[in-house]
Structure formats: C-alpha cells, structure tokens
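Visitor: The structure file data11.tsv (TSV, N, CA and C atoms) is provided below.
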```
chain	number	residue	atom	x	y	z
A	1	MET	N	-117.14	15.32	56.08
A	1	MET	CA	-116.97	15.90	54.77
A	1	MET	C	-116.69	14.79	53.76
A	2	ARG	N	-117.41	14.78	52.66
A	2	ARG	CA	-117.21	13.78	51.61
A	2	ARG	C	-116.09	14.22	50.69
A	3	PRO	N	-115.31	13.27	50.18
A	3	PRO	CA	-114.26	13.65	49.24
A	3	PRO	C	-114.88	14.21	47.96
A	4	ALA	N	-114.10	14.97	47.23
A	4	ALA	CA	-114.60	15.59	46.00
A	4	ALA	C	-115.01	14.52	44.99
A	5	ARG	N	-114.23	13.46	44.87
A	5	ARG	CA	-114.57	12.37	43.95
A	5	ARG	C	-114.40	11.06	44.68
A	6	GLN	N	-115.29	10.13	44.36
A	6	GLN	CA	-115.20	8.82	44.99
A	6	GLN	C	-115.13	7.74	43.93
A	7	CYS	N	-114.82	6.56	44.38
A	7	CYS	CA	-114.69	5.40	43.50
A	7	CYS	C	-115.98	5.20	42.72
A	8	THR	N	-115.86	4.89	41.43
A	8	THR	CA	-117.04	4.71	40.59
A	8	THR	C	-117.60	3.29	40.65
A	9	ARG	N	-116.94	2.40	41.37
A	9	ARG	CA	-117.46	1.04	41.52
A	9	ARG	C	-118.75	1.08	42.34
A	10	THR	N	-119.71	0.27	41.96
A	10	THR	CA	-121.00	0.24	42.62
A	10	THR	C	-120.84	-0.04	44.12
A	11	ALA	N	-121.54	0.74	44.92
A	11	ALA	CA	-121.60	0.61	46.38
A	11	ALA	C	-120.27	0.89	47.08
A	12	CYS	N	-119.31	1.48	46.42
A	12	CYS	CA	-118.04	1.83	47.05
A	12	CYS	C	-118.04	3.34	47.31
A	13	ALA	N	-117.81	3.71	48.55
A	13	ALA	CA	-117.82	5.13	48.92
A	13	ALA	C	-116.42	5.64	49.27
A	14	ARG	N	-115.39	4.83	48.96
A	14	ARG	CA	-114.02	5.26	49.27
A	14	ARG	C	-113.59	6.38	48.33
A	15	PRO	N	-112.63	7.22	48.77
A	15	PRO	CA	-112.14	8.29	47.89
A	15	PRO	C	-111.34	7.73	46.71
A	16	ALA	N	-111.49	8.36	45.57
A	16	ALA	CA	-110.78	7.94	44.36
A	16	ALA	C	-109.31	8.36	44.44
A	17	VAL	N	-108.42	7.48	43.99
A	17	VAL	CA	-106.98	7.77	43.97
A	17	VAL	C	-106.36	7.51	42.60
A	18	ALA	N	-107.13	6.89	41.69
A	18	ALA	CA	-106.59	6.53	40.37
A	18	ALA	C	-107.70	6.68	39.33
A	19	THR	N	-107.28	6.85	38.07
A	19	THR	CA	-108.23	6.93	36.97
A	19	THR	C	-107.91	5.84	35.96
A	20	LEU	N	-108.96	5.13	35.56
A	20	LEU	CA	-108.85	4.03	34.60
A	20	LEU	C	-109.43	4.49	33.26
A	21	THR	N	-108.66	4.29	32.21
A	21	THR	CA	-109.15	4.57	30.85
A	21	THR	C	-108.83	3.36	29.98
A	22	TYR	N	-109.56	3.22	28.89
A	22	TYR	CA	-109.36	2.10	27.98
A	22	TYR	C	-108.89	2.60	26.63
A	23	VAL	N	-107.95	1.87	26.03
A	23	VAL	CA	-107.54	2.11	24.65
A	23	VAL	C	-108.01	0.88	23.88
A	24	TYR	N	-109.20	0.99	23.34
A	24	TYR	CA	-109.83	-0.17	22.70
A	24	TYR	C	-109.04	-0.67	21.51
A	25	SER	N	-108.43	0.23	20.75
A	25	SER	CA	-107.70	-0.19	19.55
A	25	SER	C	-106.49	-1.05	19.90
A	26	ASP	N	-105.92	-0.87	21.10
A	26	ASP	CA	-104.76	-1.65	21.53
A	26	ASP	C	-105.12	-2.73	22.55
A	27	SER	N	-106.41	-2.87	22.87
A	27	SER	CA	-106.86	-3.80	23.91
A	27	SER	C	-106.07	-3.59	25.20
A	28	THR	N	-106.03	-2.34	25.64
A	28	THR	CA	-105.24	-1.97	26.81
A	28	THR	C	-106.08	-1.16	27.78
A	29	ALA	N	-105.94	-1.48	29.06
A	29	ALA	CA	-106.52	-0.68	30.13
A	29	ALA	C	-105.38	0.08	30.79
A	30	VAL	N	-105.51	1.40	30.91
A	30	VAL	CA	-104.45	2.22	31.48
A	30	VAL	C	-104.93	2.74	32.83
A	31	LEU	N	-104.16	2.45	33.87
A	31	LEU	CA	-104.48	2.87	35.22
A	31	LEU	C	-103.41	3.85	35.67
A	32	GLY	N	-103.81	5.09	35.88
A	32	GLY	CA	-102.84	6.13	36.24
A	32	GLY	C	-103.32	6.94	37.42
A	33	PRO	N	-102.57	7.99	37.75
A	33	PRO	CA	-102.96	8.83	38.86
A	33	PRO	C	-104.31	9.49	38.60
A	34	LEU	N	-104.96	9.93	39.64
A	34	LEU	CA	-106.28	10.54	39.54
A	34	LEU	C	-106.23	11.73	38.59
A	35	ALA	N	-107.08	11.71	37.60
A	35	ALA	CA	-107.13	12.79	36.61
A	35	ALA	C	-107.60	14.08	37.27
A	36	THR	N	-107.16	15.19	36.72
A	36	THR	CA	-107.54	16.50	37.27
A	36	THR	C	-109.05	16.71	37.20
A	37	ASN	N	-109.66	16.35	36.09
A	37	ASN	CA	-111.10	16.49	35.91
A	37	ASN	C	-111.72	15.13	35.61
A	38	ALA	N	-112.91	14.92	36.13
A	38	ALA	CA	-113.64	13.70	35.80
A	38	ALA	C	-114.11	13.82	34.36
A	39	GLU	N	-113.83	12.83	33.55
A	39	GLU	CA	-114.18	12.86	32.13
A	39	GLU	C	-115.04	11.65	31.79
A	40	PRO	N	-115.88	11.79	30.76
A	40	PRO	CA	-116.64	10.63	30.30
A	40	PRO	C	-115.68	9.55	29.81
A	41	HIS	N	-116.07	8.34	29.91
A	41	HIS	CA	-115.30	7.19	29.43
A	41	HIS	C	-114.03	6.96	30.24
A	42	SER	N	-113.95	7.52	31.44
A	42	SER	CA	-112.87	7.20	32.36
A	42	SER	C	-113.51	6.89	33.70
A	43	TYR	N	-112.83	6.12	34.50
A	43	TYR	CA	-113.40	5.64	35.75
A	43	TYR	C	-112.43	5.93	36.89
A	44	ASP	N	-112.93	6.56	37.94
A	44	ASP	CA	-112.12	6.84	39.12
A	44	ASP	C	-112.23	5.65	40.07
A	45	LEU	N	-111.09	5.19	40.55
A	45	LEU	CA	-111.07	4.02	41.43
A	45	LEU	C	-110.38	4.34	42.75
A	46	CYS	N	-110.82	3.69	43.82
A	46	CYS	CA	-110.16	3.80	45.12
A	46	CYS	C	-108.90	2.92	45.10
A	47	ALA	N	-108.09	3.02	46.14
A	47	ALA	CA	-106.85	2.25	46.21
A	47	ALA	C	-107.12	0.74	46.14
A	48	LEU	N	-108.16	0.28	46.83
A	48	LEU	CA	-108.48	-1.16	46.85
A	48	LEU	C	-108.85	-1.65	45.45
A	49	HIS	N	-109.74	-0.97	44.77
A	49	HIS	CA	-110.16	-1.41	43.44
A	49	HIS	C	-109.07	-1.20	42.40
A	50	ALA	N	-108.23	-0.20	42.56
A	50	ALA	CA	-107.11	0.00	41.64
A	50	ALA	C	-106.11	-1.16	41.76
A	51	GLU	N	-105.90	-1.60	42.99
A	51	GLU	CA	-104.95	-2.70	43.24
A	51	GLU	C	-105.49	-4.02	42.69
A	52	ARG	N	-106.78	-4.24	42.78
A	52	ARG	CA	-107.40	-5.51	42.38
A	52	ARG	C	-107.81	-5.56	40.91
A	53	LEU	N	-107.57	-4.49	40.17
A	53	LEU	CA	-108.03	-4.40	38.79
A	53	LEU	C	-107.44	-5.52	37.93
A	54	THR	N	-108.31	-6.16	37.17
A	54	THR	CA	-107.88	-7.13	36.16
A	54	THR	C	-108.55	-6.75	34.85
A	55	ALA	N	-108.00	-7.20	33.76
A	55	ALA	CA	-108.55	-6.90	32.44
A	55	ALA	C	-109.07	-8.18	31.80
A	56	PRO	N	-109.93	-8.06	30.83
A	56	PRO	CA	-110.42	-9.25	30.13
A	56	PRO	C	-109.28	-10.01	29.45
A	57	ARG	N	-109.51	-11.28	29.18
A	57	ARG	CA	-108.51	-12.11	28.52
A	57	ARG	C	-108.10	-11.46	27.19
A	58	GLY	N	-106.80	-11.39	26.96
A	58	GLY	CA	-106.28	-10.79	25.74
A	58	GLY	C	-105.98	-9.30	25.87
A	59	TRP	N	-106.37	-8.72	26.97
A	59	TRP	CA	-106.11	-7.30	27.22
A	59	TRP	C	-104.90	-7.15	28.13
A	60	GLU	N	-104.24	-6.02	28.02
A	60	GLU	CA	-103.09	-5.72	28.87
A	60	GLU	C	-103.46	-4.56	29.80
A	61	VAL	N	-102.97	-4.62	31.05
A	61	VAL	CA	-103.17	-3.53	32.00
A	61	VAL	C	-101.84	-2.79	32.13
A	62	VAL	N	-101.86	-1.50	31.87
A	62	VAL	CA	-100.67	-0.66	32.04
A	62	VAL	C	-100.89	0.17	33.29
A	63	ARG	N	-100.02	-0.05	34.28
A	63	ARG	CA	-100.11	0.70	35.54
A	63	ARG	C	-99.02	1.77	35.52
A	64	LEU	N	-99.44	3.02	35.50
A	64	LEU	CA	-98.48	4.12	35.43
A	64	LEU	C	-97.85	4.43	36.79
A	65	MET	N	-98.45	3.92	37.84
A	65	MET	CA	-97.88	4.06	39.19
A	65	MET	C	-97.90	2.67	39.82
A	66	PRO	N	-96.82	2.32	40.54
A	66	PRO	CA	-96.78	0.98	41.13
A	66	PRO	C	-97.78	0.80	42.26
A	67	GLU	N	-98.14	1.89	42.93
A	67	GLU	CA	-98.98	1.78	44.11
A	67	GLU	C	-99.85	3.04	44.22
A	68	PHE	N	-101.11	2.86	44.54
A	68	PHE	CA	-102.03	3.98	44.72
A	68	PHE	C	-102.41	4.04	46.19
A	69	VAL	N	-102.18	5.17	46.81
A	69	VAL	CA	-102.41	5.32	48.24
A	69	VAL	C	-103.34	6.50	48.47
A	70	GLU	N	-104.33	6.28	49.35
A	70	GLU	CA	-105.20	7.37	49.73
A	70	GLU	C	-104.38	8.40	50.50
A	71	SER	N	-104.57	9.65	50.15
A	71	SER	CA	-103.86	10.69	50.88
A	71	SER	C	-104.73	11.93	50.96
A	72	GLY	N	-104.52	12.68	52.00
A	72	GLY	CA	-105.25	13.93	52.16
A	72	GLY	C	-104.55	15.01	51.38
A	73	PRO	N	-104.96	16.25	51.60
A	73	PRO	CA	-104.33	17.34	50.89
A	73	PRO	C	-102.85	17.46	51.26
A	74	SER	N	-102.02	17.76	50.27
A	74	SER	CA	-100.59	17.93	50.52
A	74	SER	C	-100.35	19.34	51.05
A	75	HIS	N	-99.14	19.58	51.51
A	75	HIS	CA	-98.75	20.90	52.00
A	75	HIS	C	-98.94	21.94	50.90
A	76	ASP	N	-98.56	21.58	49.67
A	76	ASP	CA	-98.72	22.49	48.53
A	76	ASP	C	-100.19	22.80	48.26
A	77	ASP	N	-101.05	21.78	48.39
A	77	ASP	CA	-102.48	22.00	48.19
A	77	ASP	C	-103.03	22.99	49.21
A	78	LEU	N	-102.63	22.83	50.46
A	78	LEU	CA	-103.10	23.73	51.51
A	78	LEU	C	-102.60	25.15	51.31
A	79	LEU	N	-101.33	25.28	50.87
A	79	LEU	CA	-100.80	26.62	50.59
A	79	LEU	C	-101.54	27.27	49.42
A	80	ALA	N	-101.83	26.49	48.38
A	80	ALA	CA	-102.56	27.03	47.22
A	80	ALA	C	-103.97	27.46	47.64
A	81	LEU	N	-104.62	26.69	48.49
A	81	LEU	CA	-105.95	27.05	48.98
A	81	LEU	C	-105.89	28.34	49.79
A	82	ALA	N	-104.89	28.44	50.67
A	82	ALA	CA	-104.74	29.65	51.48
A	82	ALA	C	-104.48	30.87	50.59
A	83	ASP	N	-103.65	30.72	49.58
A	83	ASP	CA	-103.37	31.82	48.65
A	83	ASP	C	-104.64	32.24	47.89
A	84	ALA	N	-105.43	31.26	47.47
A	84	ALA	CA	-106.67	31.56	46.75
A	84	ALA	C	-107.66	32.30	47.63
A	85	VAL	N	-107.78	31.89	48.89
A	85	VAL	CA	-108.68	32.57	49.82
A	85	VAL	C	-108.18	33.98	50.08
A	86	ARG	N	-106.89	34.13	50.27
A	86	ARG	CA	-106.30	35.45	50.49
A	86	ARG	C	-106.54	36.37	49.30
A	87	GLU	N	-106.35	35.85	48.10
A	87	GLU	CA	-106.55	36.63	46.88
A	87	GLU	C	-108.02	37.02	46.71
A	88	ALA	N	-108.93	36.10	47.02
A	88	ALA	CA	-110.35	36.39	46.88
A	88	ALA	C	-110.80	37.47	47.86
A	89	GLY	N	-110.13	37.58	49.00
A	89	GLY	CA	-110.49	38.57	50.00
A	89	GLY	C	-109.94	39.96	49.73
A	90	ARG	N	-109.02	40.09	48.79
A	90	ARG	CA	-108.44	41.40	48.48
A	90	ARG	C	-109.42	42.23	47.66
A	91	PRO	N	-109.46	43.55	47.93
A	91	PRO	CA	-110.31	44.40	47.09
A	91	PRO	C	-109.73	44.47	45.69
A	92	ARG	N	-110.60	44.55	44.73
A	92	ARG	CA	-110.16	44.58	43.33
A	92	ARG	C	-110.20	46.01	42.81
A	93	HIS	N	-109.05	46.50	42.37
A	93	HIS	CA	-108.95	47.82	41.75
A	93	HIS	C	-108.41	47.61	40.36
A	94	ARG	N	-109.07	48.24	39.38
A	94	ARG	CA	-108.65	48.05	38.00
A	94	ARG	C	-108.67	49.40	37.31
A	95	ALA	N	-107.62	49.66	36.61
A	95	ALA	CA	-107.57	50.89	35.83
A	95	ALA	C	-108.60	50.79	34.71
A	96	GLU	N	-109.20	51.96	34.36
A	96	GLU	CA	-110.27	51.95	33.37
A	96	GLU	C	-109.81	51.52	31.99
A	97	ASP	N	-108.53	51.76	31.65
A	97	ASP	CA	-108.07	51.38	30.33
A	97	ASP	C	-107.58	49.93	30.26
A	98	ASP	N	-107.56	49.22	31.37
A	98	ASP	CA	-107.21	47.80	31.35
A	98	ASP	C	-108.41	47.01	30.84
A	99	GLU	N	-108.16	46.11	29.89
A	99	GLU	CA	-109.22	45.24	29.41
A	99	GLU	C	-109.29	44.02	30.30
A	100	PRO	N	-110.48	43.62	30.69
A	100	PRO	CA	-110.58	42.42	31.53
A	100	PRO	C	-110.19	41.18	30.74
A	101	VAL	N	-109.53	40.28	31.39
A	101	VAL	CA	-109.18	39.00	30.78
A	101	VAL	C	-110.19	37.99	31.29
A	102	VAL	N	-110.97	37.46	30.39
A	102	VAL	CA	-112.01	36.52	30.75
A	102	VAL	C	-111.51	35.12	30.44
A	103	VAL	N	-111.41	34.33	31.48
A	103	VAL	CA	-111.00	32.94	31.29
A	103	VAL	C	-112.07	32.08	31.92
A	104	GLY	N	-112.60	31.17	31.20
A	104	GLY	CA	-113.62	30.28	31.73
A	104	GLY	C	-114.21	29.44	30.62
A	105	GLU	N	-115.09	28.57	31.02
A	105	GLU	CA	-115.70	27.66	30.07
A	105	GLU	C	-116.81	28.39	29.33
A	106	VAL	N	-116.76	28.36	28.01
A	106	VAL	CA	-117.76	29.01	27.18
A	106	VAL	C	-118.83	28.01	26.76
A	107	ALA	N	-118.39	26.86	26.30
A	107	ALA	CA	-119.33	25.85	25.81
A	107	ALA	C	-118.75	24.47	26.06
A	108	ARG	N	-119.59	23.48	25.93
A	108	ARG	CA	-119.15	22.11	26.14
A	108	ARG	C	-119.84	21.22	25.12
A	109	ARG	N	-119.08	20.31	24.52
A	109	ARG	CA	-119.64	19.33	23.60
A	109	ARG	C	-119.01	18.00	23.94
A	110	GLY	N	-119.79	17.14	24.58
A	110	GLY	CA	-119.25	15.86	25.03
A	110	GLY	C	-118.17	16.09	26.06
A	111	HIS	N	-117.01	15.52	25.85
A	111	HIS	CA	-115.91	15.69	26.81
A	111	HIS	C	-115.00	16.85	26.43
A	112	LEU	N	-115.31	17.58	25.36
A	112	LEU	CA	-114.49	18.71	24.93
A	112	LEU	C	-115.04	20.00	25.52
A	113	ARG	N	-114.15	20.92	25.88
A	113	ARG	CA	-114.54	22.21	26.43
A	113	ARG	C	-113.98	23.34	25.60
A	114	VAL	N	-114.74	24.39	25.42
A	114	VAL	CA	-114.27	25.60	24.75
A	114	VAL	C	-113.99	26.62	25.85
A	115	LEU	N	-112.75	27.15	25.89
A	115	LEU	CA	-112.37	28.08	26.93
A	115	LEU	C	-112.13	29.45	26.33
A	116	ARG	N	-112.49	30.47	27.09
A	116	ARG	CA	-112.15	31.83	26.71
A	116	ARG	C	-110.73	32.09	27.12
A	117	GLY	N	-110.03	32.87	26.35
A	117	GLY	CA	-108.66	33.24	26.69
A	117	GLY	C	-108.44	34.70	26.45
A	118	ASP	N	-107.20	35.11	26.51
A	118	ASP	CA	-106.88	36.52	26.32
A	118	ASP	C	-106.73	36.87	24.84
A	119	GLY	N	-106.87	35.90	23.96
A	119	GLY	CA	-106.80	36.16	22.53
A	119	GLY	C	-105.38	36.31	22.01
A	120	GLY	N	-104.39	36.03	22.87
A	120	GLY	CA	-103.00	36.24	22.42
A	120	GLY	C	-102.29	35.04	22.15
```
Step by step, read the file and then write its structure as structure tokens.
Guide:
Amino acid sequence: MRPARQCTRTACARPAVATLTYVYSDSTAVLGPLATNAEPHSYDLCALHAERLTAPRGWEVVRLMPEFVESGPSHDDLLALADAVREAGRPRHRAEDDEPVVVGEVARRGHLRVLRGDGG
C-alpha cells in the first residue's frame, strides 16, 4: 500500500512527514508538520529531506518541530477510521421536515475552496 502523500523531491518515494512553505517577503522557509491538505506552493518532504533542508544564502529556515519522524496511523486515527466505517454502515433515517445539511466543496479557484455550510 502506498502512503497517501509522498515526498515531492524528485525520485524520492518515501512518505511525507513535513510541509515546506516559503515566505518570500521575509526571505524565510518554514518547515512544519505535514499539512492536512496538499496545497499549491507548498512542498511535502520525507524525514530525510526535511532534516537535510537548507535555504539559499540570506534566507532563514524556521523549523516548527525539532524532529520529523515517519509514523504510521496513531491510535486516534484508527479509532476515527473505525467510527467512520461504523457510521457509514448504519441505515439512514431522516424525518421529512428535517432539512439536509450539505457540506462539501462547491467550487475551487487556485488554492481557495468554497464550501457549502448550514447557512448559520
């Protein structure tokens, strides 16, 4: 099974553990924990490439975590997955006067997303 996201460095197939973003106005590279969603203008790195990261002369590297370690799913992740599977398997009964709450992506423009909500 392949990991959901892998290192963006060329020819590297290791799982991603950190996300690199640049703040060009401050000449800063920010290396933090793996972002929830892959976004344009950010780079997912494996533990090896996150550790070896250097910035161009005159730039500063800000590391939000001292160490990036590859890890599998946590106990909480597995419980959340089990709960989601259990919930998906339940029959759905809805009263006719209940209005459905639609939550999801409506449109996308670049890295911005428009989400539907309950209107409240």
Visitor: Just the strand (DSSP E) stuff from region 26-79 of chain A, please, per backbone DSSP, written as a ChimeraX atom specification.
Guide: /A:28-33,42-45,60-63
Visitor: Of the candidates A:Leu34, A:Ala47, A:Leu79, A:Leu20, which shows the shortest atom-to-atom distance to Val62 (chain A), using only C-alpha atoms?
Guide: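 Smallest distance to Val62 (chain A) is found for A:Leu20.
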Visitor: For each of A:Arg5, A:His111, A:Arg86, A:Arg63, take the minimum atom-to-atom distance to Asp44 (chain A), counting only N, CA and C atoms, then give the residue where this is smallest.
Guide: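 Ranking A:Arg5, A:His111, A:Arg86, A:Arg63 by distance to Asp44 (chain A), first place goes to A:Arg5.
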Visitor: Take atom C of Val23 (chain A) and CA of Ala38 (chain A) and report the distance between them in Å, one decimal.
Guide: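 Value for the atom C of Val23 (chain A)-CA of Ala38 (chain A) distance: 18.4 Å.
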Visitor: So the first atom is atom C of Cys46 (chain A) and the second is CA of Trp59 (chain A); what is the distance between them in Å, to one decimal place?
Guide: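 Pair atom C of Cys46 (chain A) / CA of Trp59 (chain A) returns 20.8 Å.
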Visitor: Tell me, in Å to one decimal, how far CA of Leu78 (chain A) is from CA of Pro91 (chain A).
Guide: 22.3 Å
Visitor: Could you check which of A:Val30, A:Ala16, A:Val114, A:Ser25 is closest to Leu64 (chain A), using all atoms listed in the file?
Guide: A:Val30
Visitor: When you count all atoms listed in the file, which of these residues is closest to Leu112 (chain A): A:Leu48, A:Pro15, A:Pro40, A:Arg57?
Guide: A:Pro40
Visitor: Out of A:Ala50, A:Arg9, A:Ala88, A:Val61, which residue has the shortest atom-to-atom distance to Ala29 (chain A) when counting only C-alpha atoms?
Guide: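 Of the candidates, the smallest distance to Ala29 (chain A) is held by A:Val61.
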Visitor: Leaving out Thr19 (chain A) and any residue of its chain fewer than 6 positions from it, which residues lie within 7 Å of it when counting only C-alpha atoms, given as a compact mmCIF listing (two decimals) with N, CA and C atoms, in the frame of the given file?
Guide:
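And here's around.txt as it stands now:
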```txt
# COMPACT_ATOMS: atom_id res chain seq x y z
N LEU A 31 -104.16 2.45 33.87
CA LEU A 31 -104.48 2.87 35.22
C LEU A 31 -103.41 3.85 35.67
N GLY A 32 -103.81 5.09 35.88
CA GLY A 32 -102.84 6.13 36.24
C GLY A 32 -103.32 6.94 37.42
N PRO A 33 -102.57 7.99 37.75
CA PRO A 33 -102.96 8.83 38.86
C PRO A 33 -104.31 9.49 38.60
N LEU A 34 -104.96 9.93 39.64
CA LEU A 34 -106.28 10.54 39.54
C LEU A 34 -106.23 11.73 38.59
N ALA A 35 -107.08 11.71 37.60
CA ALA A 35 -107.13 12.79 36.61
C ALA A 35 -107.60 14.08 37.27
N SER A 42 -113.95 7.52 31.44
CA SER A 42 -112.87 7.20 32.36
C SER A 42 -113.51 6.89 33.70
N TYR A 43 -112.83 6.12 34.50
CA TYR A 43 -113.40 5.64 35.75
C TYR A 43 -112.43 5.93 36.89
N ASP A 44 -112.93 6.56 37.94
CA ASP A 44 -112.12 6.84 39.12
C ASP A 44 -112.23 5.65 40.07
N LEU A 45 -111.09 5.19 40.55
CA LEU A 45 -111.07 4.02 41.43
C LEU A 45 -110.38 4.34 42.75
```
